Every structure is written in structure tokens, then in C-alpha cells.
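Asker: Quick one, final_26.cif (mmCIF, C-alpha atoms):
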```
data_input
#
loop_
_atom_site.label_atom_id
_atom_site.label_comp_id
_atom_site.auth_asym_id
_atom_site.auth_seq_id
_atom_site.Cartn_x
_atom_site.Cartn_y
_atom_site.Cartn_z
CA MET V 1 2.75 8.71 -5.65
CA ARG V 2 2.87 11.46 -3.06
CA SER V 3 -0.63 10.64 -1.83
CA ILE V 4 -2.65 7.43 -1.97
CA PHE V 5 -6.23 7.73 -0.71
CA LEU V 6 -7.18 4.43 0.96
CA VAL V 7 -10.89 3.62 0.95
CA PRO V 8 -12.54 0.57 2.57
CA ALA V 9 -14.45 -1.38 -0.07
CA GLY V 10 -18.12 -0.47 0.04
CA ASP V 11 -17.66 2.93 1.74
CA ALA V 12 -19.54 5.07 -0.76
CA ALA V 13 -19.14 8.38 1.09
CA LEU V 14 -15.38 8.09 1.47
CA PHE V 15 -15.08 6.87 -2.12
CA ALA V 16 -16.85 9.99 -3.35
CA GLU V 17 -14.44 12.10 -1.31
CA ALA V 18 -11.48 10.23 -2.77
CA LEU V 19 -12.74 10.76 -6.33
CA ALA V 20 -13.03 14.49 -5.72
CA SER V 21 -9.66 14.75 -3.96
CA ALA V 22 -6.24 15.76 -5.26
CA ALA V 23 -4.80 12.33 -4.43
CA GLU V 24 -2.48 10.92 -7.09
CA ALA V 25 -3.90 7.44 -6.56
CA VAL V 26 -6.90 5.80 -4.92
CA ALA V 27 -6.55 2.43 -3.23
CA ILE V 28 -9.54 0.23 -2.42
CA ASP V 29 -9.16 -1.99 0.63
CA ALA V 30 -10.67 -5.35 -0.27
CA SER V 31 -9.70 -6.69 3.16
CA ALA V 32 -11.98 -4.12 4.83
CA GLY V 33 -15.14 -4.56 2.79
CA GLY V 34 -14.96 -7.45 0.35
CA ALA V 35 -13.36 -8.11 -3.02
CA PRO V 36 -16.55 -7.79 -5.14
CA GLU V 37 -17.19 -4.31 -3.77
CA ALA V 38 -13.53 -3.45 -4.31
CA ALA V 39 -13.67 -4.61 -7.92
CA GLU V 40 -16.73 -2.45 -8.59
CA MET V 41 -14.94 0.61 -7.21
CA LEU V 42 -11.80 -0.19 -9.20
CA GLY V 43 -13.94 -0.27 -12.32
CA VAL V 44 -15.20 3.23 -11.59
CA LEU V 45 -11.65 4.46 -11.05
CA ARG V 46 -10.58 2.96 -14.36
CA GLU V 47 -13.49 4.66 -16.14
CA ARG V 48 -12.51 7.98 -14.54
CA GLY V 49 -8.88 7.58 -15.57
CA ARG V 50 -7.64 7.55 -11.98
CA ARG V 51 -4.63 5.52 -10.88
CA ALA V 52 -6.10 2.65 -8.89
CA LEU V 53 -4.66 0.16 -6.41
CA ALA V 54 -6.21 -2.67 -4.43
CA ARG V 55 -5.25 -3.64 -0.91
CA ILE V 56 -5.68 -7.38 -0.41
CA HIS V 57 -5.59 -9.69 2.60
CA ALA V 58 -2.20 -10.92 3.81
CA LEU V 59 -0.76 -13.93 2.01
CA THR V 60 -1.08 -16.01 5.18
CA SER V 61 -4.78 -15.25 5.58
CA GLY V 62 -6.03 -17.77 3.01
CA LEU V 63 -8.05 -14.98 1.37
CA ALA V 64 -5.44 -13.35 -0.86
CA GLU V 65 -6.03 -15.74 -3.76
CA SER V 66 -9.74 -14.95 -4.03
CA ASP V 67 -9.03 -11.23 -3.61
CA LEU V 68 -6.61 -11.33 -6.54
CA ASP V 69 -8.96 -13.38 -8.70
CA THR V 70 -11.61 -10.68 -8.28
CA VAL V 71 -9.66 -7.42 -8.39
CA MET V 72 -7.23 -8.32 -11.17
CA ALA V 73 -10.10 -8.42 -13.64
CA GLN V 74 -10.17 -4.63 -13.26
CA ALA V 75 -6.47 -4.25 -14.16
CA PRO V 76 -5.39 -2.17 -11.16
CA TYR V 77 -2.16 -0.21 -11.37
CA GLY V 78 -0.92 -2.01 -8.27
CA ILE V 79 -1.57 -4.23 -5.26
CA ILE V 80 -0.93 -3.19 -1.66
CA LEU V 81 0.32 -6.21 0.29
CA PRO V 82 -0.07 -6.06 4.09
CA GLN V 83 2.16 -8.06 6.45
CA ALA V 84 4.83 -8.58 3.79
CA CYS V 85 7.77 -10.52 5.21
CA GLY V 86 10.81 -9.63 3.13
CA GLY V 87 11.53 -10.17 -0.52
CA ARG V 88 10.14 -13.69 -0.51
CA ASP V 89 6.56 -12.47 0.03
CA VAL V 90 6.90 -9.79 -2.63
CA GLN V 91 8.25 -12.37 -5.07
CA HIS V 92 5.46 -14.77 -4.11
CA LEU V 93 2.87 -12.11 -4.86
CA GLY V 94 4.65 -11.29 -8.12
CA ALA V 95 4.25 -14.88 -9.26
CA LYS V 96 0.55 -14.80 -8.45
CA LEU V 97 0.17 -11.56 -10.37
CA ALA V 98 1.94 -12.98 -13.42
CA VAL V 99 -0.62 -15.81 -13.61
CA ARG V 100 -3.55 -13.42 -13.36
CA GLU V 101 -2.05 -10.99 -15.85
CA ALA V 102 -1.94 -13.83 -18.36
CA GLU V 103 -5.51 -14.84 -17.52
CA ASN V 104 -6.76 -11.27 -18.00
CA ALA V 105 -4.72 -10.45 -21.12
CA LEU V 106 -2.61 -7.90 -19.25
CA GLU V 107 1.00 -7.10 -19.98
CA ASP V 108 3.42 -9.26 -18.00
CA GLY V 109 4.81 -7.23 -15.10
CA ALA V 110 2.33 -4.39 -15.51
CA THR V 111 0.87 -4.71 -12.00
CA ARG V 112 2.97 -2.99 -9.36
CA ILE V 113 3.42 -3.93 -5.70
CA LEU V 114 3.35 -1.62 -2.70
CA ALA V 115 4.47 -3.69 0.28
CA SER V 116 3.59 -2.92 3.88
CA ALA V 117 6.97 -4.17 4.97
CA ALA V 118 7.18 -3.90 8.76
CA ASP V 119 3.71 -4.83 10.03
CA LEU V 120 5.08 -7.82 11.97
CA PRO V 121 8.13 -8.18 14.25
CA GLU V 122 9.60 -10.93 12.06
CA ALA V 123 9.25 -8.73 8.97
CA VAL V 124 11.56 -6.09 10.44
CA PHE V 125 14.48 -8.54 10.32
CA LEU V 126 13.80 -9.22 6.61
CA LEU V 127 13.63 -5.65 5.33
CA GLY V 128 17.03 -5.93 3.65
CA GLY V 129 15.66 -8.57 1.29
CA MET V 130 13.44 -5.97 -0.40
CA ALA V 131 16.40 -4.47 -2.26
CA ARG V 132 16.43 -7.07 -5.03
CA ALA V 133 12.97 -8.56 -4.65
CA THR V 134 11.24 -7.61 -7.93
CA ARG V 135 10.98 -4.91 -10.53
CA ARG V 136 7.27 -4.65 -9.65
CA LEU V 137 8.05 -3.00 -6.30
CA VAL V 138 7.08 0.70 -6.22
CA GLY V 139 7.24 1.46 -2.51
CA LEU V 140 7.45 0.25 1.08
CA VAL V 141 4.75 1.27 3.54
CA TRP V 142 5.46 2.06 7.18
CA ASP V 143 2.35 1.30 9.28
CA GLY V 144 3.31 2.03 12.86
CA ALA V 145 -0.13 1.11 14.16
CA ALA V 146 0.13 -2.40 12.69
CA LEU V 147 3.52 -3.09 14.26
CA ALA V 148 2.46 -1.56 17.57
CA GLY V 149 -0.54 -3.86 17.60
CA ALA V 150 1.60 -6.89 16.84
CA LEU V 151 3.93 -5.99 19.70
CA GLY V 152 1.20 -4.94 22.11
CA VAL V 153 2.70 -1.48 22.67
CA ASP V 154 1.46 2.09 22.30
CA GLU V 155 1.80 3.65 18.84
CA GLU V 156 4.01 6.35 20.34
CA SER V 157 6.42 3.87 21.89
CA GLU V 158 10.08 4.61 21.14
CA ILE V 159 10.67 0.91 20.49
CA LEU V 160 9.11 1.39 17.04
CA ALA V 161 11.64 4.02 15.92
CA PRO V 162 14.36 1.60 14.70
CA ALA V 163 11.87 -0.30 12.52
CA ARG V 164 10.57 2.97 11.08
CA ALA V 165 14.10 4.04 10.18
CA GLN V 166 14.92 0.63 8.72
CA THR V 167 11.88 0.88 6.45
CA VAL V 168 13.26 4.11 5.01
CA PHE V 169 16.70 2.50 4.56
CA ALA V 170 15.19 -0.57 2.89
CA ALA V 171 13.13 1.57 0.52
CA ALA V 172 16.20 3.58 -0.47
CA ALA V 173 18.18 0.39 -1.06
CA ALA V 174 15.37 -0.92 -3.26
CA GLY V 175 15.23 2.34 -5.22
CA THR V 176 11.64 3.01 -4.18
CA PRO V 177 9.99 5.59 -1.90
CA ALA V 178 9.07 4.93 1.70
CA ILE V 179 5.34 5.61 2.17
CA LEU V 180 3.94 6.65 5.56
CA ASP V 181 0.55 5.35 6.63
CA ALA V 182 -0.63 8.77 7.79
CA ARG V 183 -4.35 8.17 8.07
CA GLY V 184 -5.68 10.64 10.63
CA CYS V 185 -2.21 12.06 11.32
CA ALA V 186 -1.68 15.22 9.26
CA GLU V 187 0.75 16.65 11.81
CA THR V 188 3.25 13.86 11.05
CA LEU V 189 3.71 14.62 7.34
CA GLU V 190 6.32 17.37 7.66
CA GLN V 191 8.44 15.23 9.97
CA ALA V 192 8.03 12.24 7.64
CA ARG V 193 9.36 14.28 4.72
CA ARG V 194 12.38 15.34 6.78
CA ASP V 195 12.93 11.69 7.72
CA GLY V 196 13.09 10.56 4.11
CA PHE V 197 9.53 9.47 3.32
CA GLY V 198 8.31 10.22 -0.18
CA GLY V 199 4.54 9.94 0.19
CA ALA V 200 1.65 8.91 2.38
CA LEU V 201 -1.46 6.79 2.64
CA VAL V 202 -4.31 9.17 3.50
CA ASP V 203 -7.97 8.96 4.40
CA SER V 204 -9.32 12.44 3.67
CA ALA V 205 -9.22 15.04 0.93
CA ALA V 206 -7.50 17.46 3.30
CA LEU V 207 -4.74 14.95 4.03
CA ALA V 208 -4.33 14.21 0.33
CA GLU V 209 -3.90 17.91 -0.41
CA ALA V 210 -1.39 18.25 2.44
CA ALA V 211 0.60 15.24 1.26
CA GLU V 212 0.70 16.54 -2.31
CA ARG V 213 2.05 19.85 -1.07
CA ILE V 214 4.54 18.52 1.47
CA PHE V 215 6.04 15.72 -0.61
CA SER V 216 6.20 17.68 -3.87
#
```
Represent the structure from my file as C-alpha cells, please.
Answerer:
Amino acid sequence: MRSIFLVPAGDAALFAEALASAAEAVAIDASAGGAPEAAEMLGVLRERGRRALARIHALTSGLAESDLDTVMAQAPYGIILPQACGGRDVQHLGAKLAVREAENALEDGATRILASAADLPEAVFLLGGMARATRRLVGLVWDGAALAGALGVDEESEILAPARAQTVFAAAAAGTPAILDARGCAETLEQARRDGFGGALVDSAALAEAAERIFS
């Protein structure tokens, strides 16, 4: 997936733009607008034959369970997990998915996982555990803004560079692409490709088109 268009649940205007875009996949952020709204949008994506993902709340939030109960009824291609701390969180989510796949008559293992793997300082030290976490894993997301916020530093701080590089290493070790959270940052895509990233999370049709071109 060279481009994944991330839309907050309930944002009708941005959803319309995503549907008309060249993005390979559309992800609905249930943590930004509510799981019922996300499920409705996922249903539309399924009807349109578009590859659909759902971004849920972090496992530690207490809201991930209800998010999964709602969105899995729409059989999304995958789940984006924020604040993933190493292989243990990916495996934990995999177990939850297996239960809901059975409940919704879905094939066991059909739902993929895209893990935002370095959102927290403690997660950086656990990146190596992603290599053998689960066959569901289809990518590791680098979200520099999330880690910068957790550290209380500027997004351009050089202290983030080692974690960014380690995310690329961990993705390669796991046999999956590293995905850049590039929302609002088109100028970073060329550098990301040179640095080993294989795709991007985007928030506009123009960014989706750029990501498709640059990562092809």
C-alpha cells in the first residue's frame, strides 16, 4: 500500500475526497470520530470495492474493545493500531481479531495489522520484537508527531532520528514496509523513499497521488 488515505470518522467532506482519490487504501479513524461512524464509512468502502482499514484507540485506552466490536462487523482489510509497544501488543491485537473473525464468520487471520510502532518512548526499545510478532503484520508506521508529543520536543528535533531509522530497520526485519505518516508533509515523501520507506499515510488527494508516484 503506497498510499493510505486516513479520514476521521464522520468527516464527510474528506471521505468524499478519499473516495475520489488515487489512494490504494482508505483508513477510517474511529478514535477521531467514533466507531459507529467509522463502521458506516467502512460499509461504503466495502460496497465500492475499496481496500478499507480502521484505526482504533490504543489498547491501553479502554476503548479498543468496543471499537473492534463495531468495525469488525464490516470486515475491514486491516486495523491500524496506535501506540503499539513491540510484538506483544501486535500479538494481543491478533488474538482479539481472531475472536471477532469467528464471531463475524470471517476467515481466521484475514484481518491485517498496521502497527504505529514508535509513538511512545518505551515502544522504541521494543521495535525488534516486531520481526516475529504475527503473520497479520503488513507494515510499521512512523509517526514523528506522536513521538515528539510524548517526549515534549519539536517535531524537527534531531533526537527523533534514531527512532525513525529503527522503525525502518524493524520493518525490514519483519518483512513488511515502513509507512511514513506524511499528513500535510508532501515535501518529505522523496526523502522518505530514499530512506527506505515504502508508503505513506496521507490526508489529501494530492498527497495520495504523490505517494503513488514516488513509492511506485
Asker: Produce a table with one row for each residue of segment 123-165 of chain V that has an atom at most 10 Å from any atom of segment 81-101 of chain V, each row naming the nearest atom pair and its distance in Å at one decimal; use all atoms listed in the file; arrange rows by chain and rising residue number; format as a Markdown table.
Answerer:
```
| residue | atom | partner | partner_atom | distance |
| --- | --- | --- | --- | --- |
| V:Ala123 | CA | V:Cys85 | CA | 4.4 |
| V:Val124 | CA | V:Cys85 | CA | 7.8 |
| V:Phe125 | CA | V:Gly86 | CA | 8.1 |
| V:Leu126 | CA | V:Gly86 | CA | 4.6 |
| V:Leu127 | CA | V:Gly86 | CA | 5.4 |
| V:Gly128 | CA | V:Gly86 | CA | 7.3 |
| V:Gly129 | CA | V:Gly87 | CA | 4.8 |
| V:Met130 | CA | V:Gly87 | CA | 4.6 |
| V:Ala131 | CA | V:Gly87 | CA | 7.7 |
| V:Arg132 | CA | V:Gly87 | CA | 7.3 |
| V:Ala133 | CA | V:Gly87 | CA | 4.7 |
| V:Thr134 | CA | V:Gln91 | CA | 6.3 |
| V:Arg135 | CA | V:Gly94 | CA | 9.3 |
| V:Arg136 | CA | V:Gly94 | CA | 7.3 |
| V:Leu137 | CA | V:Val90 | CA | 7.8 |
| V:Leu140 | CA | V:Ala84 | CA | 9.6 |
| V:Val141 | CA | V:Pro82 | CA | 8.8 |
| V:Asp143 | CA | V:Pro82 | CA | 9.3 |
| V:Ala146 | CA | V:Gln83 | CA | 8.7 |
| V:Leu147 | CA | V:Gln83 | CA | 9.4 |
```
Asker: Expanded to explicit residues, what is the PyMOL selection byres ((chain V and resi 204) around 9) for this file, as a compact mmCIF listing (two decimals) with C-alpha atoms, in the frame of the given file?
Answerer:
```txt
# COMPACT_ATOMS: atom_id res chain seq x y z
CA PHE V 5 -6.23 7.73 -0.71
CA LEU V 6 -7.18 4.43 0.96
CA LEU V 14 -15.38 8.09 1.47
CA GLU V 17 -14.44 12.10 -1.31
CA ALA V 18 -11.48 10.23 -2.77
CA SER V 21 -9.66 14.75 -3.96
CA ARG V 183 -4.35 8.17 8.07
CA GLY V 184 -5.68 10.64 10.63
CA VAL V 202 -4.31 9.17 3.50
CA ASP V 203 -7.97 8.96 4.40
CA ALA V 205 -9.22 15.04 0.93
CA ALA V 206 -7.50 17.46 3.30
CA LEU V 207 -4.74 14.95 4.03
CA ALA V 208 -4.33 14.21 0.33
CA GLU V 209 -3.90 17.91 -0.41
```
Asker: If I put a ball of radius 12 Å at (15.0, 2.5, 4.1) in the file's coordinates, which residues poke into it when counting all atoms listed in the file, written as a PDB file with C-alpha atoms, in the frame of the given file?
Answerer:
```pdb
ATOM      1  CA  ALA V 117       6.970  -4.170   4.970  1.00  0.00           C
ATOM      2  CA  ALA V 118       7.180  -3.900   8.760  1.00  0.00           C
ATOM      3  CA  VAL V 124      11.560  -6.090  10.440  1.00  0.00           C
ATOM      4  CA  LEU V 127      13.630  -5.650   5.330  1.00  0.00           C
ATOM      5  CA  GLY V 128      17.030  -5.930   3.650  1.00  0.00           C
ATOM      6  CA  GLY V 129      15.660  -8.570   1.290  1.00  0.00           C
ATOM      7  CA  MET V 130      13.440  -5.970  -0.400  1.00  0.00           C
ATOM      8  CA  ALA V 131      16.400  -4.470  -2.260  1.00  0.00           C
ATOM      9  CA  GLY V 139       7.240   1.460  -2.510  1.00  0.00           C
ATOM     10  CA  LEU V 140       7.450   0.250   1.080  1.00  0.00           C
ATOM     11  CA  VAL V 141       4.750   1.270   3.540  1.00  0.00           C
ATOM     12  CA  TRP V 142       5.460   2.060   7.180  1.00  0.00           C
ATOM     13  CA  PRO V 162      14.360   1.600  14.700  1.00  0.00           C
ATOM     14  CA  ALA V 163      11.870  -0.300  12.520  1.00  0.00           C
ATOM     15  CA  ARG V 164      10.570   2.970  11.080  1.00  0.00           C
ATOM     16  CA  ALA V 165      14.100   4.040  10.180  1.00  0.00           C
ATOM     17  CA  GLN V 166      14.920   0.630   8.720  1.00  0.00           C
ATOM     18  CA  THR V 167      11.880   0.880   6.450  1.00  0.00           C
ATOM     19  CA  VAL V 168      13.260   4.110   5.010  1.00  0.00           C
ATOM     20  CA  PHE V 169      16.700   2.500   4.560  1.00  0.00           C
ATOM     21  CA  ALA V 170      15.190  -0.570   2.890  1.00  0.00           C
ATOM     22  CA  ALA V 171      13.130   1.570   0.520  1.00  0.00           C
ATOM     23  CA  ALA V 172      16.200   3.580  -0.470  1.00  0.00           C
ATOM     24  CA  ALA V 173      18.180   0.390  -1.060  1.00  0.00           C
ATOM     25  CA  ALA V 174      15.370  -0.920  -3.260  1.00  0.00           C
ATOM     26  CA  GLY V 175      15.230   2.340  -5.220  1.00  0.00           C
ATOM     27  CA  THR V 176      11.640   3.010  -4.180  1.00  0.00           C
ATOM     28  CA  PRO V 177       9.990   5.590  -1.900  1.00  0.00           C
ATOM     29  CA  ALA V 178       9.070   4.930   1.700  1.00  0.00           C
ATOM     30  CA  ILE V 179       5.340   5.610   2.170  1.00  0.00           C
ATOM     31  CA  LEU V 180       3.940   6.650   5.560  1.00  0.00           C
ATOM     32  CA  ASP V 195      12.930  11.690   7.720  1.00  0.00           C
ATOM     33  CA  GLY V 196      13.090  10.560   4.110  1.00  0.00           C
ATOM     34  CA  PHE V 197       9.530   9.470   3.320  1.00  0.00           C
ATOM     35  CA  GLY V 198       8.310  10.220  -0.180  1.00  0.00           C
TER      36      GLY V 198
END
```
Asker: To one decimal in Å, tell me the separation between atom CA of Leu63 of chain V and atom CA of Ser31 of chain V.
Answerer: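 Spanning atom CA of Leu63 of chain V to atom CA of Ser31 of chain V is a straight-line distance of 8.6 Å.
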Asker: Would you list the contacts of Met1 of chain V as a VMD selection string, taking every protein, DNA or RNA residue within 8 Å and counting all atoms listed in the file, but skipping same-chain residues closer than 6 positions in sequence?
Answerer: chain V and resid 24 to 25 198 to 199
Asker: Starting from the shown file, work through the PyMOL selection byres ((chain V and resi 107-111) around 8) and note down what comes out as a count of residues only.
Answerer: 14
Asker: Go through V:Ala73, V:Ala148, V:Arg48, V:Val138 one by one, measure the shortest atom-to-atom distance of each to Ala20 of chain V using all atoms listed in the file, and give the residue with the smallest value.
Answerer: V:Arg48
Asker: Do you know which residues are at most 10 Å from Arg55 of chain V counting all atoms listed in the file, after dropping those on the same chain fewer than 5 positions away, and could you put them as a VMD selection string?
Answerer: chain V and resid 6 to 9 27 to 32 35 38 64 67 to 68 71 78 to 82 113 to 115
Asker: What does the structure give for the distance between atom CA of Gly33 of chain V and atom CA of Ala12 of chain V, in Å to one decimal?
Answerer: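 About the pair atom CA of Gly33 of chain V and atom CA of Ala12 of chain V: they are 11.2 Å apart.
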